[in-house]
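Participant: My questions all concern the structure below.
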Amino acid sequence: MTPSRSLAKDGPDLTALHSPRWREENDIPVRQLGEPVPFFYTRAGAVLPLEGQYRGGHAFLMANGPSVGLLDLTPLHRRWVMTLNNGARTFRGNANCTVDEPSRFSLSMWLDPTILKFAPMSHFEKSLWDNRLVHTDQGWVQRWEESKLKLGDCPNVAGYRRNEKFHAPRWLNEETVNWGNHGKWGGGRSVLLASLRILHLLGFRHVYLLGVDLDMSATKRYHFEEGRTPHAVKGNMSTYAKLQKWFTELQPQFKKAGFKVFNCNLESKLTAFPFLPFDEALAASGAQIGDPTQEKTEGMYTRAAEQKKAASAGPAEAAASSPEGAAAPPAAPKPEAAASTAGSV
């Protein structure tokens with residue numbers, strides 16, 4: 001499918017691309033007709049071909065609502081998990097997604113090579129904040145200072161380009177990642193939108209939402225330590241109302257594309273997606289893998305050679321080498337015997 005043109009691309013993300021072949025100027029694509037549209041880039045603007053990398057997989061998307069604190073997260077270490085913003089403080093997943101300034105998020109997360117970090121293209125050259133608790137010759141030291149590192153200095157970071165005008169019919173196939181609306185189109189932007197689009201691009205078709213409470217107050221904030229002013233709470237609640245509307249508009253598009261999203265929090269204010277209990281989501285996401293700790297491995301290295309040898313051997317040799325030796329197969333029952341027993345079943 002040819003990607004739809006986005007309605008309002010993020011200017012800094014757009015100009016952060018270094019390769020003129022992929023730069024778009026005056027909304028006219030420089031790329032040649034028929035070329036695939038790349039979505040993910042390195043700091044230098046090289047394309048990261050991640051689209052479809054996880055096709056057929058199941059993913060847990062862990063948002064930052066306090067309901068996450070009520071769950072036993074231990075089983076998630078055997079699942080693919082994307083966290084958002086500072087959610088990695090609670091759970092170290094496989095990936096993390098951000099949209100805001102990178103200095104708002106933990107340096108330990110940015111420096112962790114085991115986490116694939118998705119961040120806007122324009123953030124690669126921005127500075128980070130050092131909030132690490134590190135061990136030194138003087139013991140444990142809490143850092144709280146501007147880091148000398150920029151986001152682009154960190155490992156395993158994939159840049160993506162955003163747009164700022166939501167339009168449900170094009171949302172799943174536009175060539176940049178939408179995260180809501182700019183203020184001139186009514187406002188309301190969220191990393192939750194960007195992360196779901198990225199999961200779809202990566203090839204996941206089953207996504208289970210955790211911590212998408214869409215509810216905030218002075219005492220109900222996040223599953224990690226962070227304060228919120230009354231103004232910030234009011235702003236978040238306004239965005240939550242827009243997300244409810246937008247996800248309701250997107251659900252028909254998701255169903256048409258076979259993109260199944262489930263909400264694992266029964267108390268969530270987000271009702272656009274069907275509810276699925278956490279334990280059932282764990283079972284469904286692991287069903288195709290089974291129990292790798294108990295599966296049979298003996299014979300995997302020799303199986304092909306044994307099958308080839310058996311295929312090239314004659315019937316007599318194959319029978320002689322079988323566990324039963326050359327024993328003749330049991331005789332078939334006589335027709336009259338079969339007929340006499342059929343009536344007794």
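Starting from 1 in every chain, residues are counted up; chains themselves are A, B, ... following the order of the structure tokens, and ligands are numbered from 1 as listed.
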Need to verify the contact set: segment 46-60 of chain A, 6 Å, only C-alpha atoms, exclusion of same-chain residues closer than 3 positions in sequence. Can you return it as a list in words?

Facilitator: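 Final neighbour list, sorted by chain and number: Phe40, Tyr41, Thr42, Trp80, Val81, Leu201, Leu202, Gly203, Phe204, His206, Val207, Tyr208 and Ser285 of chain A.
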
Participant: Those same residues, written as a PDB file, in the first residue's frame with C-alpha atoms?

Facilitator:
ATOM      1  CA  PHE A  40      13.414   4.802  11.247  1.00  0.00           C
ATOM      2  CA  TYR A  41      16.873   6.359  11.115  1.00  0.00           C
ATOM      3  CA  THR A  42      20.211   6.548  12.875  1.00  0.00           C
ATOM      4  CA  TRP A  80       8.142  -8.392  24.372  1.00  0.00           C
ATOM      5  CA  VAL A  81       7.412  -5.153  26.228  1.00  0.00           C
ATOM      6  CA  LEU A 201       5.070  -0.561  11.801  1.00  0.00           C
ATOM      7  CA  LEU A 202       7.293  -3.098  13.558  1.00  0.00           C
ATOM      8  CA  GLY A 203       4.858  -5.837  12.569  1.00  0.00           C
ATOM      9  CA  PHE A 204       3.062  -6.558  15.828  1.00  0.00           C
ATOM     10  CA  HIS A 206      -1.594  -8.205  18.870  1.00  0.00           C
ATOM     11  CA  VAL A 207      -0.980  -5.491  21.478  1.00  0.00           C
ATOM     12  CA  TYR A 208      -1.931  -5.657  25.150  1.00  0.00           C
ATOM     13  CA  SER A 285       1.022 -13.994  23.918  1.00  0.00           C
TER      14      SER A 285
END

Participant: Got a sec to tell me which of segment 25-223 of chain A DSSP assigns to strand (DSSP E or B), as a PyMOL selection string?

Facilitator: chain A and resi 25+28-29+40-41+47+58-62+80-84+95-97+116-120+127-130+133-136+139-142+145-150+157-160+162-163+174+177-178+180+189+206-210

Participant: When you look at segment 139-145 of chain A with a cut-off of 8 Å (counting only C-alpha atoms), what residues show up, excluding the ones that are within fewer than 5 positions of it in the same chain? I need them as a list of chain:residue names.

Facilitator: A:Trp129, A:Asp130, A:Asn131, A:Arg132, A:Leu133, A:Val134

Participant: Counting only C-alpha atoms, what is within 8 Å of segment 188-196 of chain A, bar same-chain residues fewer than 3 positions away, as a VMD selection string?

Facilitator: chain A and resid 63 84 97 to 99 164 177 to 183 199 to 200 238 to 239 242 to 243

Participant: Quick one: write out the picked residues with C-alpha atoms as a CSV table (one decimal), in the first residue's frame?

Facilitator:
chain,number,residue,atom,x,y,z
A,63,ALA,CA,1.9,3.0,29.8
A,84,LEU,CA,6.9,4.8,27.6
A,97,CYS,CA,9.2,5.3,23.2
A,98,THR,CA,9.3,9.0,23.8
A,99,VAL,CA,8.1,12.2,22.1
A,164,GLU,CA,0.9,16.9,14.3
A,177,VAL,CA,4.1,9.0,12.9
A,178,ASN,CA,1.2,11.0,14.3
A,179,TRP,CA,1.0,11.8,18.0
A,180,GLY,CA,-2.1,13.9,18.1
A,181,ASN,CA,-2.9,17.5,17.2
A,182,HIS,CA,-0.9,20.7,17.4
A,183,GLY,CA,-2.6,23.5,19.3
A,199,LEU,CA,4.3,-1.1,17.1
A,200,HIS,CA,2.1,-1.6,14.0
A,238,SER,CA,-8.1,17.0,28.6
A,239,THR,CA,-5.7,14.9,26.4
A,242,LYS,CA,-9.3,13.3,23.1
A,243,LEU,CA,-7.5,10.0,23.1
